[in-house]
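Dumped input.txt below, it's compact mmCIF, C-alpha atoms and all ligand atoms:
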```txt
# COMPACT_ATOMS: atom_id res chain seq x y z
CA MET A 72 76.97 31.62 -36.97
CA ALA A 73 74.33 30.33 -34.58
CA GLU A 74 75.04 26.93 -33.06
CA TYR A 75 71.84 25.62 -34.63
CA GLU A 76 72.56 26.46 -38.26
CA ARG A 77 73.57 22.84 -38.83
CA MET A 78 71.57 19.99 -37.40
CA LYS A 79 72.81 16.52 -36.58
CA PHE A 80 70.15 13.86 -36.83
CA GLY A 81 69.49 10.14 -36.88
CA CYS A 82 67.71 8.48 -39.79
CA LEU A 83 67.03 5.01 -41.11
CA THR A 84 68.85 4.32 -44.37
CA GLN A 85 67.58 0.75 -44.75
CA ALA A 86 66.03 -1.91 -42.55
CA GLY A 87 68.36 -2.59 -39.63
CA LYS A 88 70.50 0.49 -40.22
CA ALA A 89 70.27 3.83 -38.40
CA GLU A 90 72.81 6.51 -39.31
CA VAL A 91 73.76 9.92 -37.97
CA ARG A 92 73.86 12.64 -40.65
CA GLU A 93 74.05 16.42 -40.85
CA ARG A 94 72.19 19.03 -42.86
CA ASP A 95 71.43 22.73 -42.69
CA LEU A 96 68.53 23.66 -40.48
CA GLY A 97 67.50 26.09 -43.19
CA GLU A 98 65.83 29.43 -43.02
CA ILE A 99 63.73 30.10 -39.93
CA GLY A 100 60.26 31.08 -41.09
CA ASP A 101 58.21 33.76 -39.36
CA LEU A 102 56.18 31.10 -37.51
CA ASP A 103 58.99 28.61 -36.90
CA VAL A 104 60.52 27.71 -33.57
CA VAL A 105 64.02 26.28 -33.16
CA VAL A 106 64.18 23.64 -30.46
CA LYS A 107 67.37 22.42 -28.84
CA GLN A 108 66.20 18.85 -28.60
CA LEU A 109 66.91 17.01 -25.37
CA ALA A 110 65.39 13.58 -25.91
CA CYS A 111 63.33 11.56 -28.38
CA ASN A 112 61.78 8.17 -27.69
CA ILE A 113 61.68 5.43 -30.29
CA CYS A 114 58.05 4.79 -31.26
CA THR A 115 56.63 1.50 -32.53
CA THR A 116 56.42 3.07 -36.00
CA ASP A 117 60.16 3.80 -35.87
CA TYR A 118 61.44 0.45 -34.61
CA THR A 119 59.15 -1.70 -36.71
CA GLN A 120 60.54 0.08 -39.79
CA TRP A 121 64.04 -0.67 -38.45
CA GLN A 122 62.88 -4.30 -38.18
CA GLY A 123 61.91 -4.24 -41.86
CA LYS A 124 58.15 -4.44 -41.26
CA ARG A 125 57.25 -1.05 -42.76
CA GLU A 126 59.21 -0.94 -45.98
CA HIS A 127 56.35 1.01 -47.60
CA GLN A 128 57.37 4.05 -45.53
CA GLY A 129 60.54 4.42 -47.58
CA TYR A 130 64.14 5.58 -46.99
CA PRO A 131 66.00 7.56 -45.87
CA MET A 132 63.46 7.92 -43.06
CA ALA A 133 64.07 10.87 -40.78
CA GLY A 134 61.43 9.78 -38.28
CA GLY A 135 61.14 10.27 -34.56
CA HIS A 136 58.16 12.21 -33.27
CA GLU A 137 58.23 11.65 -29.52
CA GLY A 138 60.68 14.37 -28.57
CA SER A 139 61.04 17.43 -26.37
CA GLY A 140 63.50 20.25 -25.84
CA ILE A 141 64.19 23.89 -25.07
CA VAL A 142 63.31 26.72 -27.44
CA VAL A 143 66.43 28.62 -28.55
CA ALA A 144 65.02 30.87 -31.28
CA THR A 145 61.66 31.91 -32.67
CA GLY A 146 60.50 33.41 -35.94
CA LYS A 147 59.42 37.02 -35.80
CA GLU A 148 55.67 36.33 -35.87
CA VAL A 149 55.72 33.74 -33.05
CA LYS A 150 53.78 35.00 -30.05
CA SER A 151 52.79 32.05 -27.87
CA ILE A 152 56.21 30.40 -27.49
CA LYS A 153 59.32 32.07 -26.05
CA VAL A 154 63.02 31.35 -25.96
CA GLY A 155 63.67 29.19 -22.90
CA ASP A 156 60.29 27.40 -22.97
CA PHE A 157 60.36 23.64 -22.52
CA VAL A 158 58.22 22.14 -25.29
CA ALA A 159 57.11 18.86 -26.77
CA HIS A 160 55.68 18.63 -30.25
CA SER A 161 52.60 17.44 -32.01
CA THR A 162 52.19 16.24 -35.53
CA THR A 163 51.15 19.07 -37.80
CA GLY A 164 49.59 19.87 -41.11
CA CYS A 165 49.70 22.69 -43.60
CA GLY A 166 47.72 24.97 -41.28
CA GLN A 167 45.76 26.41 -44.19
CA CYS A 168 43.22 23.82 -45.31
CA ARG A 169 39.74 23.35 -43.75
CA ALA A 170 40.81 20.32 -41.67
CA CYS A 171 43.80 22.18 -40.26
CA ALA A 172 41.60 25.16 -39.43
CA VAL A 173 39.83 23.00 -36.83
CA GLY A 174 43.03 21.35 -35.59
CA ASP A 175 42.38 18.08 -37.40
CA PHE A 176 45.83 17.69 -38.91
CA TYR A 177 45.29 14.00 -39.64
CA ASN A 178 42.90 15.04 -42.40
CA CYS A 179 45.17 17.76 -43.75
CA GLU A 180 44.87 17.99 -47.51
CA ASN A 181 48.55 18.87 -47.85
CA THR A 182 50.01 16.64 -45.17
CA LEU A 183 53.62 17.11 -44.11
CA GLY A 184 53.83 13.92 -42.05
CA ILE A 185 54.87 10.41 -43.10
CA GLY A 186 54.35 10.25 -46.82
CA ALA A 187 55.95 13.61 -47.44
CA THR A 188 59.52 13.93 -48.64
CA THR A 189 61.75 16.94 -47.94
CA GLU A 190 63.48 18.74 -50.80
CA ASP A 191 66.73 17.00 -49.91
CA GLY A 192 65.04 13.60 -50.12
CA TYR A 193 64.19 12.64 -46.53
CA ARG A 194 61.03 10.69 -45.81
CA GLY A 195 58.94 11.48 -42.74
CA GLY A 196 60.22 15.01 -42.52
CA GLN A 197 60.00 14.99 -38.73
CA PHE A 198 63.70 14.80 -37.81
CA GLY A 199 62.81 13.92 -34.24
CA PHE A 200 66.19 12.35 -33.52
CA SER A 201 68.06 15.63 -34.01
CA ASN A 202 70.08 17.93 -31.77
CA TYR A 203 68.22 20.95 -33.21
CA ALA A 204 64.85 20.91 -34.89
CA LYS A 205 62.81 23.54 -36.68
CA ILE A 206 59.15 23.17 -35.76
CA HIS A 207 56.11 25.23 -36.59
CA ALA A 208 54.90 27.22 -33.56
CA ARG A 209 51.44 25.65 -33.77
CA ALA A 210 52.99 22.21 -33.18
CA CYS A 211 54.77 23.24 -29.95
CA PHE A 212 53.14 22.56 -26.59
CA LYS A 213 54.58 23.97 -23.39
CA MET A 214 55.50 21.28 -20.93
CA ASN A 215 56.11 21.26 -17.20
CA PRO A 216 59.87 21.85 -16.79
CA ASP A 217 59.91 19.36 -13.91
CA LEU A 218 59.18 16.54 -16.34
CA ASP A 219 62.10 14.46 -17.55
CA PRO A 220 62.57 15.21 -21.31
CA ALA A 221 61.73 11.57 -22.08
CA GLU A 222 58.49 11.93 -20.10
CA ALA A 223 57.56 15.11 -21.99
CA GLY A 224 58.24 13.14 -25.19
CA PHE A 225 55.10 11.16 -24.40
CA LEU A 226 52.94 14.05 -25.59
CA GLU A 227 52.18 12.40 -28.93
CA PRO A 228 51.42 8.88 -27.60
CA VAL A 229 49.22 10.32 -24.82
CA ALA A 230 47.41 12.49 -27.38
CA THR A 231 46.67 9.48 -29.58
CA ALA A 232 45.31 7.55 -26.58
CA THR A 233 43.25 10.62 -25.67
CA HIS A 234 41.82 10.58 -29.18
CA GLY A 235 40.93 6.93 -28.59
CA ALA A 236 39.22 7.69 -25.29
CA GLU A 237 37.26 10.49 -26.95
CA THR A 238 36.29 8.15 -29.79
CA LEU A 239 35.00 5.56 -27.30
CA GLN A 240 33.18 8.28 -25.33
CA ILE A 241 34.26 6.72 -22.05
CA HIS A 242 31.97 7.52 -19.11
CA ALA A 243 32.82 7.43 -15.41
CA GLY A 244 32.56 4.01 -13.84
CA GLU A 245 32.52 2.06 -17.10
CA THR A 246 34.72 -0.98 -17.41
CA VAL A 247 37.40 -0.74 -20.08
CA VAL A 248 39.60 -3.74 -20.86
CA VAL A 249 42.93 -3.03 -22.52
CA ILE A 250 44.47 -5.99 -24.33
CA GLY A 251 48.24 -5.61 -24.25
CA GLY A 252 50.41 -4.14 -21.51
CA GLY A 253 53.14 -2.64 -23.70
CA THR A 254 53.84 1.08 -23.82
CA MET A 255 50.70 1.99 -25.74
CA GLY A 256 48.57 -0.46 -23.75
CA LEU A 257 49.57 1.17 -20.48
CA VAL A 258 49.28 4.68 -21.90
CA ASN A 259 45.75 3.85 -23.11
CA ALA A 260 44.92 2.25 -19.76
CA GLN A 261 46.00 5.30 -17.78
CA VAL A 262 44.25 7.72 -20.11
CA ALA A 263 41.01 5.68 -19.89
CA LYS A 264 41.35 5.81 -16.11
CA ALA A 265 41.84 9.57 -16.23
CA PHE A 266 38.58 9.71 -18.21
CA GLY A 267 36.88 7.99 -15.27
CA ALA A 268 36.84 4.34 -16.30
CA ARG A 269 37.61 1.26 -14.27
CA VAL A 270 40.44 -0.32 -16.28
CA ILE A 271 41.58 -3.92 -16.55
CA VAL A 272 44.75 -4.83 -18.47
CA SER A 273 45.00 -8.28 -20.07
CA GLU A 274 48.57 -9.35 -20.72
CA LEU A 275 50.67 -12.52 -20.60
CA GLN A 276 54.25 -11.35 -20.01
CA PRO A 277 55.19 -11.18 -16.30
CA TYR A 278 57.33 -8.02 -16.79
CA LYS A 279 54.40 -6.13 -18.30
CA LEU A 280 51.87 -7.44 -15.76
CA GLU A 281 54.13 -6.20 -13.00
CA LYS A 282 54.36 -2.77 -14.64
CA ALA A 283 50.58 -2.51 -14.96
CA GLN A 284 50.15 -3.39 -11.30
CA LYS A 285 52.80 -0.88 -10.30
CA LEU A 286 50.71 1.74 -12.08
CA GLY A 287 47.69 0.78 -9.96
CA LEU A 288 45.81 -1.02 -12.72
CA GLU A 289 43.76 -4.20 -12.35
CA VAL A 290 45.27 -7.02 -14.39
CA ILE A 291 44.44 -10.34 -15.96
CA ASP A 292 47.33 -12.75 -16.46
CA SER A 293 46.20 -14.33 -19.70
CA SER A 294 49.02 -16.90 -19.54
CA SER A 295 47.35 -18.61 -16.60
CA CYS A 296 43.61 -18.22 -17.26
CA ASP A 297 41.05 -17.71 -19.99
CA PRO A 298 40.97 -13.92 -20.21
CA ILE A 299 37.44 -13.92 -21.66
CA GLU A 300 36.06 -15.88 -18.69
CA LYS A 301 38.03 -13.70 -16.32
CA VAL A 302 36.58 -10.48 -17.76
CA LYS A 303 33.07 -11.94 -17.34
CA GLU A 304 33.86 -12.93 -13.77
CA MET A 305 35.12 -9.43 -12.98
CA THR A 306 32.02 -7.78 -14.48
CA ASP A 307 29.24 -9.89 -12.94
CA GLY A 308 28.96 -11.90 -16.14
CA LYS A 309 28.27 -8.85 -18.31
CA GLY A 310 31.54 -8.19 -20.09
CA ALA A 311 33.33 -4.89 -20.58
CA ASP A 312 31.68 -1.72 -21.82
CA SER A 313 34.66 -1.14 -24.09
CA VAL A 314 37.78 -3.04 -25.14
CA ILE A 315 40.88 -1.30 -26.44
CA VAL A 316 43.01 -3.64 -28.53
CA ALA A 317 46.54 -2.34 -28.04
CA VAL A 318 48.33 -5.18 -29.82
CA GLY A 319 48.08 -5.84 -33.55
CA LEU A 320 47.06 -9.51 -33.40
CA THR A 321 44.09 -11.46 -34.77
CA VAL A 322 43.80 -13.47 -31.55
CA ALA A 323 43.45 -10.25 -29.54
CA ASN A 324 40.79 -8.91 -31.93
CA ASN A 325 38.77 -12.09 -31.52
CA GLN A 326 39.15 -12.04 -27.74
CA ALA A 327 37.82 -8.48 -27.74
CA LEU A 328 34.61 -9.70 -29.46
CA GLU A 329 33.99 -12.07 -26.56
CA MET A 330 35.15 -9.81 -23.75
CA VAL A 331 32.93 -6.90 -24.65
CA LYS A 332 29.34 -6.89 -23.41
CA LYS A 333 26.78 -8.73 -25.51
CA LYS A 334 24.97 -5.61 -26.72
CA ASP A 335 26.12 -2.06 -27.38
CA GLY A 336 29.75 -2.93 -26.69
CA LYS A 337 32.54 -0.91 -28.23
CA ILE A 338 35.88 -2.13 -29.53
CA LEU A 339 38.69 0.24 -30.39
CA PHE A 340 41.48 -0.98 -32.65
CA PHE A 341 44.43 1.06 -31.50
CA ALA A 342 47.37 -0.89 -32.89
CA ALA A 343 48.49 -1.82 -36.37
CA GLY A 344 50.16 -5.20 -36.88
CA TYR A 345 52.42 -6.49 -39.64
CA PRO A 346 51.26 -8.71 -41.30
CA ALA A 347 47.82 -7.10 -40.98
CA PRO A 348 45.63 -8.83 -38.38
CA SER A 349 41.99 -9.68 -39.07
CA ILE A 350 38.83 -10.37 -37.10
CA ASP A 351 36.33 -13.21 -37.39
CA ILE A 352 32.81 -11.86 -37.26
CA ASP A 353 29.74 -11.86 -39.48
CA THR A 354 27.83 -8.65 -40.02
CA ASN A 355 24.61 -10.12 -38.56
CA SER A 356 26.36 -10.26 -35.21
CA ILE A 357 27.49 -6.66 -35.57
CA HIS A 358 23.90 -5.75 -36.41
CA TYR A 359 22.08 -7.70 -33.66
CA ARG A 360 24.65 -6.92 -31.00
CA ARG A 361 24.78 -3.26 -32.06
CA LEU A 362 28.54 -3.61 -31.84
CA LYS A 363 30.65 -0.57 -32.43
CA LEU A 364 33.94 -1.47 -34.07
CA MET A 365 36.11 1.61 -34.24
CA GLY A 366 39.51 2.57 -35.49
CA THR A 367 41.71 5.33 -34.20
CA MET A 368 44.91 6.92 -35.37
CA ASN A 369 46.66 10.20 -34.67
CA ALA A 370 45.02 13.02 -32.69
CA THR A 371 43.58 16.50 -33.02
CA GLN A 372 45.12 19.63 -31.53
CA ALA A 373 42.40 19.49 -28.85
CA ASP A 374 43.59 15.99 -27.89
CA TYR A 375 47.15 17.30 -27.65
CA ALA A 376 46.00 20.04 -25.32
CA ILE A 377 44.37 17.45 -23.03
CA ALA A 378 47.44 15.21 -23.26
CA ALA A 379 49.70 18.10 -22.21
CA LYS A 380 47.56 18.60 -19.09
CA LEU A 381 47.56 14.89 -18.25
CA LEU A 382 51.37 14.94 -18.37
CA ASN A 383 52.02 18.38 -16.91
CA TYR A 384 49.76 17.84 -13.89
CA ARG A 385 51.07 14.29 -13.55
CA LEU A 386 47.62 12.77 -13.86
CA ILE A 387 49.27 9.82 -15.57
CA ASN A 388 52.64 8.20 -14.93
CA VAL A 389 54.85 7.63 -17.95
CA LYS A 390 58.15 7.51 -16.08
CA GLU A 391 57.55 3.79 -15.57
CA LEU A 392 57.26 3.34 -19.35
CA ILE A 393 60.82 4.43 -20.17
CA GLU A 394 63.61 1.87 -20.23
CA GLU A 395 66.41 2.69 -17.82
CA LYS A 396 69.22 2.37 -20.36
CA ARG A 397 69.39 5.44 -22.60
CA TYR A 398 71.48 6.03 -25.71
CA ASP A 399 73.11 9.15 -27.10
CA LEU A 400 72.55 10.22 -30.69
CA ASP A 401 75.89 8.82 -31.85
CA HIS A 402 74.69 5.39 -30.70
CA ILE A 403 71.29 5.52 -32.33
CA GLN A 404 71.97 2.23 -34.09
CA ASP A 405 72.29 0.54 -30.67
CA ALA A 406 69.15 2.30 -29.48
CA PHE A 407 67.17 0.90 -32.42
CA ALA A 408 68.66 -2.54 -31.87
CA ALA A 409 67.48 -2.40 -28.25
CA ALA A 410 63.91 -1.32 -29.04
CA ASP A 411 61.29 -4.00 -29.64
CA GLY A 412 57.82 -5.02 -28.58
CA ASN A 413 59.13 -6.60 -25.38
CA LYS A 414 60.49 -3.28 -24.11
CA TYR A 415 59.00 -0.03 -22.98
CA ARG A 416 60.16 3.17 -24.67
CA VAL A 417 63.86 3.37 -25.51
CA CYS A 418 65.07 6.96 -25.23
CA VAL A 419 67.70 8.66 -27.37
CA MET A 420 69.40 11.60 -25.62
CA LEU A 421 70.18 14.33 -28.13
CA GLN A 422 72.74 16.65 -26.55
CA ASP A 423 76.37 15.77 -25.91
CA GLU A 424 77.08 15.55 -22.19
CA GLU A 425 78.81 18.72 -21.06
ZN ZN B 501 54.56 7.61 -31.64
ZN ZN B 502 46.15 21.25 -43.89
```

Spell out the structure here as structure tokens.
Ligand SMILES: [Zn+2]
Ligand SMILES: [Zn+2]
Amino acid sequence: MAEYERMKFGCLTQAGKAEVRERDLGEIGDLDVVVKQLACNICTTDYTQWQGKREHQGYPMAGGHEGSGIVVATGKEVKSIKVGDFVAHSTTGCGQCRACAVGDFYNCENTLGIGATTEDGYRGGQFGFSNYAKIHARACFKMNPDLDPAEAGFLEPVATATHGAETLQIHAGETVVVIGGGTMGLVNAQVAKAFGARVIVSELQPYKLEKAQKLGLEVIDSSSCDPIEKVKEMTDGKGADSVIVAVGLTVANNQALEMVKKKDGKILFFAAGYPAPSIDIDTNSIHYRRLKLMGTMNATQADYAIAAKLLNYRLINVKELIEEKRYDLDHIQDAFAAADGNKYRVCVMLQDEE
């Protein structure tokens, strides 16, 4: 019996409760890859459900989608991935519909992501917090083996920020303001910089401001000044070309309206908030200012390919965005209890120390 026939995994059974369970890995399909998972980071989606803010996602939730590991087996039709490869994974779709044919899994007509339920009743169906995972070959991206497994686990967040940067059509030398210096704020900021922008991070917590500065980003300490005035001052009175709102708050949305340049400015709403934030603007203003208010979510396979390069060639630094204290799978409850909006990514290590 192969060591991976049974998988051990963490799942949420109710708000505030993460449990370790076991199940069979199941039959390995011709295009499946078995990954000996090394690490999985707790995403905002995961910990806000633990906090009881996403009850609509349902239970038991076998979430976790920011993981990486070593390939230990492949189905007989798999060609691009080999045993021993270090991989991180993308979200995936059915692979057969029109959207999937162009790598746009977010628009999959038969989605397997959140919303789907496995035959044995698990929501999410991602099983990211597992010691072994069965993943479709198309969702595996080869990562630089020199990366820490928790760094490689940033493939999905970096891909979503890449999708945002593509949506904004960032050009070299443009000023992009990122509101929020949490994990996704600083991922977005670094990705925008990699796309050629001058990036300013607006944040009020000293710990996060320090992080942003350590990553070589310009910052605005919004606890000690009016961030709108400061953006104007830093842009010769013009305002930013684009603003990425990386916190789900009405106040941030409204700041973005004032920080962005008067005409032809673009605002990207990257973060969800619970309760849902709003924005105070009339449509005349959108019309006369030719404002572009855009949403983003998820990523295409092309974005994942760019994200893998940004990480593999170390064009962005995510090491700084991982909390020092890590948890093993058996202590996943403690890991969830430690993760919140004031922290950077909390990492769950998935193999027992040998
Ligand atoms: Zn995520
Ligand atoms: Zn599909």

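Of the residues under consideration (A:Phe200, A:Tyr75, A:Phe225, A:Tyr193), A:Phe225 shows the shortest atom-to-atom contact distance to ligand ZN 501 (chain B) when counting all atoms listed in the file.
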
Have a look at A:Asp297, A:Glu227, A:Asp156, A:Glu222 and name the one nearest to ligand ZN 501 (chain B); count all atoms listed in the file. A:Glu227

If you take all atoms listed in the file and a cut-off of 6 Å, which residues of chain A touch ligand ZN 502 (chain B), and what are their nearest atom pairs and distances in Å to one decimal, in chain and number order, as CSV?
```
residue,atom,partner,partner_atom,distance
A:Gly164,CA,B:ZN502,ZN,4.6
A:Cys165,CA,B:ZN502,ZN,3.8
A:Gly166,CA,B:ZN502,ZN,4.8
A:Gln167,CA,B:ZN502,ZN,5.2
A:Cys168,CA,B:ZN502,ZN,4.1
A:Ala170,CA,B:ZN502,ZN,5.9
A:Cys171,CA,B:ZN502,ZN,4.4
A:Cys179,CA,B:ZN502,ZN,3.6
A:Glu180,CA,B:ZN502,ZN,5.0
A:Asn181,CA,B:ZN502,ZN,5.2
```

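Note that atom CA of Phe341 of chain A and atom CA of Gln276 of chain A are 19.6 Å apart.
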
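Using only C-alpha atoms and all ligand atoms, the smallest distance between any of A:Val419, A:Cys114, A:Val290, A:Ala265 and ligand ZN 501 (chain B) comes from A:Cys114.
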
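With all atoms listed in the file taken into account, the protein and nucleic acid residues at most 7 Å from segment 291-296 of chain A (excluding it and anything under 4 positions from it in its own chain) are Val272, Ser273, Glu274 and Leu275 of chain A.
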
Because the input lacks atoms here, generate N, CA and C atoms for segment 218-231 of chain A and report them as a compact mmCIF listing (two decimals), keeping the file's coordinate frame.
```txt
# COMPACT_ATOMS: atom_id res chain seq x y z
N LEU A 218 59.23 17.86 -15.68
CA LEU A 218 59.18 16.54 -16.34
C LEU A 218 60.55 16.21 -16.92
N ASP A 219 60.91 14.96 -16.86
CA ASP A 219 62.10 14.46 -17.55
C ASP A 219 61.82 14.64 -19.06
N PRO A 220 62.82 15.03 -19.86
CA PRO A 220 62.57 15.21 -21.31
C PRO A 220 61.96 13.97 -21.98
N ALA A 221 62.32 12.79 -21.50
CA ALA A 221 61.73 11.57 -22.08
C ALA A 221 60.26 11.44 -21.69
N GLU A 222 59.90 11.94 -20.51
CA GLU A 222 58.49 11.93 -20.10
C GLU A 222 57.69 12.90 -20.97
N ALA A 223 58.25 14.10 -21.16
CA ALA A 223 57.56 15.11 -21.99
C ALA A 223 57.38 14.59 -23.42
N GLY A 224 58.31 13.74 -23.85
CA GLY A 224 58.24 13.14 -25.19
C GLY A 224 57.03 12.24 -25.38
N PHE A 225 56.31 11.97 -24.31
CA PHE A 225 55.10 11.16 -24.40
C PHE A 225 53.89 11.97 -24.86
N LEU A 226 54.08 13.23 -25.16
CA LEU A 226 52.94 14.05 -25.59
C LEU A 226 52.16 13.40 -26.73
N GLU A 227 52.88 12.98 -27.76
CA GLU A 227 52.18 12.40 -28.93
C GLU A 227 51.47 11.09 -28.58
N PRO A 228 52.15 10.11 -27.95
CA PRO A 228 51.42 8.88 -27.60
C PRO A 228 50.21 9.13 -26.69
N VAL A 229 50.36 10.04 -25.73
CA VAL A 229 49.22 10.32 -24.82
C VAL A 229 48.09 10.98 -25.60
N ALA A 230 48.44 11.84 -26.55
CA ALA A 230 47.41 12.49 -27.38
C ALA A 230 46.65 11.46 -28.21
N THR A 231 47.36 10.48 -28.76
CA THR A 231 46.67 9.48 -29.58
C THR A 231 45.74 8.62 -28.71
```
